$ cat final_18.txt   # compact mmCIF, N, CA and C atoms
# COMPACT_ATOMS: atom_id res chain seq x y z
N MET A 1 27.53 -14.74 -52.17
CA MET A 1 26.98 -16.07 -52.19
C MET A 1 27.62 -16.90 -51.07
N SER A 2 26.81 -17.49 -50.24
CA SER A 2 27.32 -18.24 -49.09
C SER A 2 27.79 -19.63 -49.52
N VAL A 3 28.46 -20.29 -48.58
CA VAL A 3 28.98 -21.62 -48.85
C VAL A 3 27.84 -22.60 -49.09
N VAL A 4 26.75 -22.45 -48.34
CA VAL A 4 25.61 -23.35 -48.50
C VAL A 4 25.02 -23.21 -49.90
N GLU A 5 24.93 -21.97 -50.41
CA GLU A 5 24.41 -21.77 -51.75
C GLU A 5 25.32 -22.40 -52.79
N GLU A 6 26.63 -22.35 -52.55
CA GLU A 6 27.58 -22.99 -53.46
C GLU A 6 27.34 -24.50 -53.48
N VAL A 7 27.15 -25.08 -52.30
CA VAL A 7 26.94 -26.53 -52.20
C VAL A 7 25.63 -26.92 -52.85
N VAL A 8 24.59 -26.10 -52.65
CA VAL A 8 23.28 -26.41 -53.19
C VAL A 8 23.33 -26.47 -54.71
N LYS A 9 24.09 -25.61 -55.35
CA LYS A 9 24.19 -25.61 -56.80
C LYS A 9 24.89 -26.85 -57.32
N VAL A 10 25.78 -27.42 -56.54
CA VAL A 10 26.57 -28.56 -56.99
C VAL A 10 25.75 -29.85 -56.97
N ILE A 11 24.86 -30.00 -56.03
CA ILE A 11 24.15 -31.26 -55.87
C ILE A 11 22.94 -31.29 -56.80
N THR A 12 23.07 -32.06 -57.87
CA THR A 12 21.96 -32.21 -58.81
C THR A 12 21.64 -33.69 -58.96
N ARG A 13 20.48 -33.95 -59.52
CA ARG A 13 20.05 -35.33 -59.75
C ARG A 13 21.05 -36.06 -60.64
N ARG A 14 21.49 -35.40 -61.71
CA ARG A 14 22.41 -36.03 -62.66
C ARG A 14 23.72 -36.46 -61.98
N GLU A 15 24.28 -35.60 -61.14
CA GLU A 15 25.53 -35.93 -60.45
C GLU A 15 25.35 -37.07 -59.47
N LEU A 16 24.22 -37.08 -58.78
CA LEU A 16 23.96 -38.18 -57.85
C LEU A 16 23.78 -39.50 -58.59
N VAL A 17 23.11 -39.46 -59.72
CA VAL A 17 22.92 -40.68 -60.51
C VAL A 17 24.27 -41.20 -61.00
N GLN A 18 25.11 -40.30 -61.50
CA GLN A 18 26.43 -40.72 -61.99
C GLN A 18 27.28 -41.30 -60.86
N LEU A 19 27.22 -40.68 -59.68
CA LEU A 19 27.98 -41.20 -58.55
C LEU A 19 27.45 -42.56 -58.12
N ARG A 20 26.12 -42.73 -58.14
CA ARG A 20 25.54 -44.02 -57.76
C ARG A 20 25.95 -45.11 -58.75
N ILE A 21 25.98 -44.78 -60.04
CA ILE A 21 26.40 -45.75 -61.05
C ILE A 21 27.86 -46.15 -60.83
N ARG A 22 28.73 -45.16 -60.58
CA ARG A 22 30.14 -45.47 -60.31
C ARG A 22 30.28 -46.35 -59.08
N ALA A 23 29.48 -46.06 -58.05
CA ALA A 23 29.55 -46.86 -56.82
C ALA A 23 29.08 -48.29 -57.07
N TYR A 24 28.02 -48.46 -57.88
CA TYR A 24 27.58 -49.81 -58.24
C TYR A 24 28.67 -50.55 -58.99
N ARG A 25 29.28 -49.88 -59.96
CA ARG A 25 30.29 -50.53 -60.80
C ARG A 25 31.53 -50.92 -60.01
N ARG A 26 31.87 -50.12 -59.03
CA ARG A 26 33.04 -50.44 -58.19
C ARG A 26 32.67 -51.31 -57.00
N ARG A 27 31.42 -51.67 -56.89
CA ARG A 27 30.91 -52.55 -55.84
C ARG A 27 31.11 -51.99 -54.43
N VAL A 28 30.87 -50.70 -54.28
CA VAL A 28 31.00 -50.08 -52.96
C VAL A 28 29.70 -49.47 -52.47
N TRP A 29 28.65 -49.50 -53.30
CA TRP A 29 27.38 -48.87 -52.93
C TRP A 29 26.84 -49.45 -51.63
N PHE A 30 26.84 -50.76 -51.50
CA PHE A 30 26.30 -51.41 -50.31
C PHE A 30 27.32 -51.49 -49.17
N LYS A 31 28.60 -51.45 -49.51
CA LYS A 31 29.64 -51.52 -48.48
C LYS A 31 29.85 -50.18 -47.79
N ALA A 32 29.80 -49.10 -48.55
CA ALA A 32 30.14 -47.78 -48.01
C ALA A 32 28.98 -47.11 -47.30
N LEU A 33 27.76 -47.39 -47.74
CA LEU A 33 26.60 -46.70 -47.19
C LEU A 33 25.68 -47.67 -46.47
N ASP A 34 25.08 -47.17 -45.39
CA ASP A 34 24.08 -48.01 -44.73
C ASP A 34 22.72 -47.81 -45.43
N ARG A 35 21.73 -48.52 -44.97
CA ARG A 35 20.43 -48.53 -45.63
C ARG A 35 19.78 -47.15 -45.65
N VAL A 36 19.91 -46.39 -44.58
CA VAL A 36 19.30 -45.07 -44.50
C VAL A 36 19.96 -44.11 -45.49
N GLU A 37 21.28 -44.15 -45.56
CA GLU A 37 22.01 -43.27 -46.49
C GLU A 37 21.67 -43.60 -47.95
N ARG A 38 21.59 -44.89 -48.26
CA ARG A 38 21.19 -45.27 -49.62
C ARG A 38 19.77 -44.80 -49.91
N GLY A 39 18.89 -44.89 -48.93
CA GLY A 39 17.52 -44.44 -49.11
C GLY A 39 17.43 -42.94 -49.34
N ILE A 40 18.23 -42.17 -48.61
CA ILE A 40 18.24 -40.72 -48.78
C ILE A 40 18.68 -40.37 -50.20
N VAL A 41 19.75 -40.99 -50.67
CA VAL A 41 20.24 -40.70 -52.02
C VAL A 41 19.19 -41.09 -53.05
N ASP A 42 18.58 -42.26 -52.89
CA ASP A 42 17.55 -42.69 -53.83
C ASP A 42 16.36 -41.74 -53.84
N LEU A 43 15.93 -41.29 -52.66
CA LEU A 43 14.81 -40.37 -52.60
C LEU A 43 15.14 -39.01 -53.21
N VAL A 44 16.34 -38.52 -52.98
CA VAL A 44 16.74 -37.25 -53.58
C VAL A 44 16.76 -37.38 -55.10
N ILE A 45 17.24 -38.51 -55.59
CA ILE A 45 17.27 -38.72 -57.04
C ILE A 45 15.85 -38.76 -57.60
N ARG A 46 14.94 -39.41 -56.90
CA ARG A 46 13.57 -39.55 -57.39
C ARG A 46 12.74 -38.28 -57.26
N CYS A 47 12.98 -37.49 -56.22
CA CYS A 47 12.05 -36.42 -55.88
C CYS A 47 12.48 -35.01 -56.28
N VAL A 48 13.76 -34.74 -56.38
CA VAL A 48 14.18 -33.36 -56.66
C VAL A 48 15.19 -33.32 -57.80
N ASP A 49 15.19 -32.21 -58.52
CA ASP A 49 16.19 -32.00 -59.56
C ASP A 49 17.45 -31.40 -58.98
N ARG A 50 17.27 -30.54 -58.00
CA ARG A 50 18.40 -29.85 -57.38
C ARG A 50 18.07 -29.65 -55.90
N VAL A 51 19.01 -29.98 -55.03
CA VAL A 51 18.79 -29.84 -53.59
C VAL A 51 18.86 -28.36 -53.22
N ARG A 52 17.82 -27.87 -52.57
CA ARG A 52 17.78 -26.45 -52.18
C ARG A 52 17.81 -26.27 -50.66
N SER A 53 17.39 -27.27 -49.94
CA SER A 53 17.35 -27.19 -48.49
C SER A 53 18.76 -27.26 -47.91
N ALA A 54 19.07 -26.36 -47.00
CA ALA A 54 20.41 -26.33 -46.40
C ALA A 54 20.67 -27.60 -45.59
N LYS A 55 19.68 -28.04 -44.83
CA LYS A 55 19.86 -29.24 -44.00
C LYS A 55 20.02 -30.49 -44.87
N LEU A 56 19.17 -30.61 -45.88
CA LEU A 56 19.27 -31.76 -46.77
C LEU A 56 20.59 -31.75 -47.52
N SER A 57 21.05 -30.56 -47.92
CA SER A 57 22.32 -30.50 -48.64
C SER A 57 23.49 -30.90 -47.74
N GLU A 58 23.43 -30.56 -46.45
CA GLU A 58 24.46 -31.00 -45.51
C GLU A 58 24.52 -32.53 -45.45
N ILE A 59 23.36 -33.13 -45.35
CA ILE A 59 23.28 -34.59 -45.25
C ILE A 59 23.79 -35.23 -46.54
N VAL A 60 23.34 -34.71 -47.67
CA VAL A 60 23.72 -35.29 -48.95
C VAL A 60 25.21 -35.08 -49.22
N VAL A 61 25.74 -33.92 -48.84
CA VAL A 61 27.18 -33.67 -49.02
C VAL A 61 28.00 -34.67 -48.21
N ALA A 62 27.57 -34.96 -46.98
CA ALA A 62 28.28 -35.94 -46.16
C ALA A 62 28.24 -37.32 -46.81
N ILE A 63 27.10 -37.69 -47.35
CA ILE A 63 26.96 -39.00 -48.01
C ILE A 63 27.81 -39.04 -49.28
N VAL A 64 27.78 -37.95 -50.06
CA VAL A 64 28.54 -37.89 -51.31
C VAL A 64 30.04 -37.97 -51.04
N SER A 65 30.50 -37.27 -50.01
CA SER A 65 31.93 -37.33 -49.71
C SER A 65 32.34 -38.74 -49.26
N LYS A 66 31.47 -39.40 -48.53
CA LYS A 66 31.73 -40.77 -48.11
C LYS A 66 31.80 -41.70 -49.33
N LEU A 67 30.87 -41.52 -50.27
CA LEU A 67 30.85 -42.34 -51.47
C LEU A 67 32.06 -42.07 -52.36
N GLU A 68 32.42 -40.80 -52.52
CA GLU A 68 33.56 -40.46 -53.37
C GLU A 68 34.85 -41.04 -52.81
N ALA A 69 34.97 -41.06 -51.50
CA ALA A 69 36.16 -41.68 -50.89
C ALA A 69 36.18 -43.18 -51.17
N ALA A 70 35.03 -43.81 -51.15
CA ALA A 70 34.96 -45.25 -51.39
C ALA A 70 35.16 -45.59 -52.87
N VAL A 71 34.78 -44.68 -53.75
CA VAL A 71 34.85 -44.94 -55.19
C VAL A 71 36.27 -44.74 -55.74
N ARG A 72 37.07 -43.94 -55.03
CA ARG A 72 38.44 -43.70 -55.51
C ARG A 72 39.13 -45.01 -55.82
N ASP A 73 39.93 -45.02 -56.85
CA ASP A 73 40.58 -46.26 -57.22
C ASP A 73 41.64 -46.65 -56.19
N ARG A 74 42.00 -47.89 -56.20
CA ARG A 74 42.88 -48.46 -55.18
C ARG A 74 44.27 -47.81 -55.20
N LEU A 75 44.79 -47.55 -56.39
CA LEU A 75 46.13 -46.98 -56.48
C LEU A 75 46.18 -45.58 -55.88
N ALA A 76 45.19 -44.75 -56.18
CA ALA A 76 45.18 -43.39 -55.63
C ALA A 76 45.07 -43.42 -54.11
N ARG A 77 44.23 -44.31 -53.60
CA ARG A 77 44.08 -44.42 -52.15
C ARG A 77 45.37 -44.90 -51.49
N LEU A 78 46.00 -45.89 -52.10
CA LEU A 78 47.25 -46.41 -51.54
C LEU A 78 48.40 -45.42 -51.68
N MET A 79 48.36 -44.59 -52.72
CA MET A 79 49.39 -43.55 -52.86
C MET A 79 49.32 -42.60 -51.66
N ASP A 80 48.11 -42.26 -51.23
CA ASP A 80 47.96 -41.37 -50.07
C ASP A 80 48.33 -42.07 -48.77
N GLU A 81 47.91 -43.33 -48.63
CA GLU A 81 48.08 -44.03 -47.37
C GLU A 81 49.46 -44.66 -47.19
N VAL A 82 50.04 -45.17 -48.29
CA VAL A 82 51.29 -45.93 -48.21
C VAL A 82 52.44 -45.20 -48.90
N GLY A 83 52.23 -44.81 -50.14
CA GLY A 83 53.31 -44.27 -50.95
C GLY A 83 53.87 -42.96 -50.45
N LEU A 84 53.00 -42.03 -50.08
CA LEU A 84 53.45 -40.71 -49.62
C LEU A 84 54.26 -40.79 -48.33
N PRO A 85 53.79 -41.50 -47.29
CA PRO A 85 54.62 -41.63 -46.09
C PRO A 85 55.94 -42.36 -46.36
N PHE A 86 55.90 -43.36 -47.23
CA PHE A 86 57.12 -44.09 -47.56
C PHE A 86 58.10 -43.21 -48.33
N ALA A 87 57.58 -42.36 -49.23
CA ALA A 87 58.44 -41.44 -49.98
C ALA A 87 59.09 -40.43 -49.03
N ARG A 88 58.34 -39.98 -48.04
CA ARG A 88 58.92 -39.06 -47.05
C ARG A 88 60.02 -39.75 -46.25
N LYS A 89 59.78 -41.00 -45.91
CA LYS A 89 60.77 -41.75 -45.14
C LYS A 89 62.05 -41.97 -45.97
N VAL A 90 61.88 -42.36 -47.22
CA VAL A 90 63.04 -42.59 -48.09
C VAL A 90 63.79 -41.29 -48.34
N ALA A 91 63.07 -40.19 -48.55
CA ALA A 91 63.71 -38.89 -48.75
C ALA A 91 64.48 -38.49 -47.49
N GLY A 92 63.92 -38.76 -46.33
CA GLY A 92 64.60 -38.47 -45.07
C GLY A 92 65.89 -39.27 -44.93
N TRP A 93 65.83 -40.54 -45.33
CA TRP A 93 67.05 -41.37 -45.28
C TRP A 93 68.12 -40.78 -46.19
N ALA A 94 67.73 -40.43 -47.42
CA ALA A 94 68.71 -39.91 -48.39
C ALA A 94 69.28 -38.58 -47.92
N LEU A 95 68.44 -37.74 -47.32
CA LEU A 95 68.93 -36.46 -46.80
C LEU A 95 69.90 -36.68 -45.64
N SER A 96 69.61 -37.65 -44.79
CA SER A 96 70.49 -37.92 -43.65
C SER A 96 71.84 -38.48 -44.11
N TRP A 97 71.85 -39.09 -45.28
CA TRP A 97 73.10 -39.59 -45.83
C TRP A 97 73.87 -38.52 -46.60
N GLY A 98 73.27 -37.32 -46.71
CA GLY A 98 73.96 -36.21 -47.34
C GLY A 98 73.61 -35.95 -48.79
N TYR A 99 72.56 -36.56 -49.31
CA TYR A 99 72.17 -36.33 -50.70
C TYR A 99 71.10 -35.24 -50.74
N ASP A 100 71.49 -34.03 -51.15
CA ASP A 100 70.57 -32.89 -51.17
C ASP A 100 69.54 -32.97 -52.30
N GLY A 101 69.77 -33.80 -53.28
CA GLY A 101 68.82 -33.96 -54.38
C GLY A 101 67.52 -34.63 -53.96
N ALA A 102 67.46 -35.14 -52.74
CA ALA A 102 66.27 -35.85 -52.27
C ALA A 102 65.21 -34.92 -51.70
N LEU A 103 65.46 -33.61 -51.73
CA LEU A 103 64.51 -32.66 -51.15
C LEU A 103 63.12 -32.74 -51.81
N GLY A 104 63.05 -32.93 -53.11
CA GLY A 104 61.77 -32.95 -53.81
C GLY A 104 61.15 -34.31 -53.99
N TRP A 105 61.77 -35.36 -53.47
CA TRP A 105 61.25 -36.70 -53.68
C TRP A 105 59.86 -36.90 -53.11
N ALA A 106 59.59 -36.37 -51.94
CA ALA A 106 58.29 -36.59 -51.31
C ALA A 106 57.17 -35.88 -52.07
N ASP A 107 57.51 -34.85 -52.85
CA ASP A 107 56.50 -34.11 -53.61
C ASP A 107 56.35 -34.63 -55.03
N ASP A 108 57.22 -35.52 -55.46
CA ASP A 108 57.20 -36.05 -56.81
C ASP A 108 56.17 -37.18 -56.90
N LEU A 109 55.05 -36.93 -57.61
CA LEU A 109 53.98 -37.93 -57.68
C LEU A 109 54.42 -39.20 -58.42
N GLY A 110 55.33 -39.05 -59.36
CA GLY A 110 55.84 -40.24 -60.05
C GLY A 110 56.61 -41.14 -59.11
N PHE A 111 57.42 -40.54 -58.24
CA PHE A 111 58.17 -41.32 -57.26
C PHE A 111 57.24 -41.97 -56.25
N VAL A 112 56.22 -41.22 -55.81
CA VAL A 112 55.24 -41.76 -54.86
C VAL A 112 54.50 -42.93 -55.50
N GLN A 113 54.10 -42.78 -56.75
CA GLN A 113 53.40 -43.85 -57.44
C GLN A 113 54.31 -45.07 -57.61
N TYR A 114 55.56 -44.84 -57.96
CA TYR A 114 56.52 -45.94 -58.10
C TYR A 114 56.66 -46.71 -56.79
N LEU A 115 56.86 -45.98 -55.68
CA LEU A 115 57.00 -46.66 -54.39
C LEU A 115 55.72 -47.41 -54.00
N THR A 116 54.57 -46.85 -54.35
CA THR A 116 53.30 -47.50 -54.04
C THR A 116 53.18 -48.81 -54.81
N VAL A 117 53.50 -48.79 -56.09
CA VAL A 117 53.40 -50.01 -56.90
C VAL A 117 54.40 -51.06 -56.42
N VAL A 118 55.61 -50.62 -56.09
CA VAL A 118 56.60 -51.56 -55.56
C VAL A 118 56.10 -52.18 -54.26
N GLU A 119 55.54 -51.35 -53.40
CA GLU A 119 55.02 -51.85 -52.12
C GLU A 119 53.85 -52.81 -52.33
N MET A 120 52.99 -52.51 -53.30
CA MET A 120 51.85 -53.38 -53.59
C MET A 120 52.31 -54.76 -54.07
N ASN A 121 53.41 -54.80 -54.80
CA ASN A 121 53.88 -56.04 -55.40
C ASN A 121 54.93 -56.76 -54.56
N THR A 122 55.28 -56.20 -53.42
CA THR A 122 56.24 -56.85 -52.53
C THR A 122 55.52 -57.83 -51.64
N PRO A 123 56.03 -59.05 -51.52
CA PRO A 123 55.39 -60.02 -50.62
C PRO A 123 55.39 -59.51 -49.19
N ARG A 124 54.39 -59.87 -48.41
CA ARG A 124 54.26 -59.39 -47.04
C ARG A 124 55.49 -59.68 -46.20
N ILE A 125 56.11 -60.81 -46.43
CA ILE A 125 57.28 -61.21 -45.64
C ILE A 125 58.47 -60.27 -45.85
N MET A 126 58.52 -59.60 -47.03
CA MET A 126 59.66 -58.77 -47.37
C MET A 126 59.43 -57.29 -47.08
N ARG A 127 58.25 -56.90 -46.63
CA ARG A 127 57.93 -55.49 -46.44
C ARG A 127 58.68 -54.90 -45.26
N VAL A 128 58.97 -53.59 -45.40
CA VAL A 128 59.71 -52.86 -44.36
C VAL A 128 58.81 -52.52 -43.21

$ encode --input "final_18.txt" --output "structure tokens"
Amino acid sequence: MSVVEEVVKVITRRELVQLRIRAYRRRVWFKALDRVERGIVDLVIRCVDRVRSAKLSEIVVAIVSKLEAAVRDRLARLMDEVGLPFARKVAGWALSWGYDGALGWADDLGFVQYLTVVEMNTPRIMRV
């Protein structure tokens, strides 16, 4: 089974409808997609139960990945963008000071989440 066949099985009307509802609820449907992309998703929802065309599935997969990135919650996105690099930096500082226990800090999701929340709640004037 090829990769395209795998992708074709994943894209169904039900999944697109659920993703569109999540995007509406998070208020990113109009921000993340332009008019043509929204039209493509709406037409796929109205006209087909399952995408079978390889070209159409490529287009829809690109749109779906764009929407899923926009729908992700703020904390998860900030953990990737802010918390993880900051955890690596802090772990590097601790290692340079001779604390070997800091080796796993950058991989610890709890620590990354903690640093992200601290960074989110720190006033701009006090940020590193």

$ atom_distance --input "final_18.txt" --atom1 "atom C of Arg14 (chain A)" --atom2 "atom C of Val48 (chain A)"
10.0 Å

$ closest_residue --input "final_18.txt" --among "A:Trp93, A:Tyr99, A:Glu68, A:Leu78" --to "Leu19 (chain A)" --atoms "only N, CA and C atoms"
A:Glu68

$ atom_distance --input "final_18.txt" --atom1 "atom C of Ile59 (chain A)" --atom2 "atom C of Arg26 (chain A)"
21.1 Å

$ closest_residue --input "final_18.txt" --among "A:Val71, A:Val117, A:Gly110, A:Glu37" --to "Tyr24 (chain A)" --atoms "only C-alpha atoms"
A:Val71

$ axis_aligned_box --input "final_18.txt" --around "region 45-62 of chain A" --padding-each-side "4 Å" --output "lines of an AutoDock Vina configuration file"
center_x = 20.2
center_y = -32.9
center_z = -51.8
size_x = 24.2
size_y = 21.3
size_z = 23.6

$ atom_distance --input "final_18.txt" --atom1 "CA of Thr116 (chain A)" --atom2 "CA of Ala102 (chain A)"
17.5 Å

$ closest_residue --input "final_18.txt" --among "A:Val61, A:Val112, A:Met126, A:Leu75" --to "Arg88 (chain A)" --atoms "only N, CA and C atoms"
A:Val112

$ residues_around --input "final_18.txt" --residues "Ala69 (chain A)" --least-positions-apart "5" --cutoff "12 Å" --atoms "only C-alpha atoms" --output "list in words"
Leu19, Arg22, Ala23, Arg26, Val28, Trp29, Ala32, Leu33, Ala62, Ile63, Val64, Arg74, Ala76, Arg77 and Asp80 of chain A

$ closest_residue --input "final_18.txt" --among "A:Leu115, A:Arg46, A:Asp100, A:Ile40" --to "Val60 (chain A)" --atoms "all atoms listed in the file"
A:Ile40

$ closest_residue --input "final_18.txt" --among "A:Leu84, A:Ile11, A:Met79, A:Leu95" --to "Asp49 (chain A)" --atoms "only C-alpha atoms"
A:Ile11

$ select_by_dssp --input "final_18.txt" --residues "chain A" --states "helix (DSSP H, G or I)" --output "VMD selection string"
chain A and resid 3 to 10 13 to 25 29 to 32 35 to 47 54 to 71 74 to 96 100 to 107 109 to 121 124 to 126

$ closest_residue --input "final_18.txt" --among "A:Ala87, A:Ala54, A:Glu119, A:Glu81" --to "Trp105 (chain A)" --atoms "only N, CA and C atoms"
A:Ala87
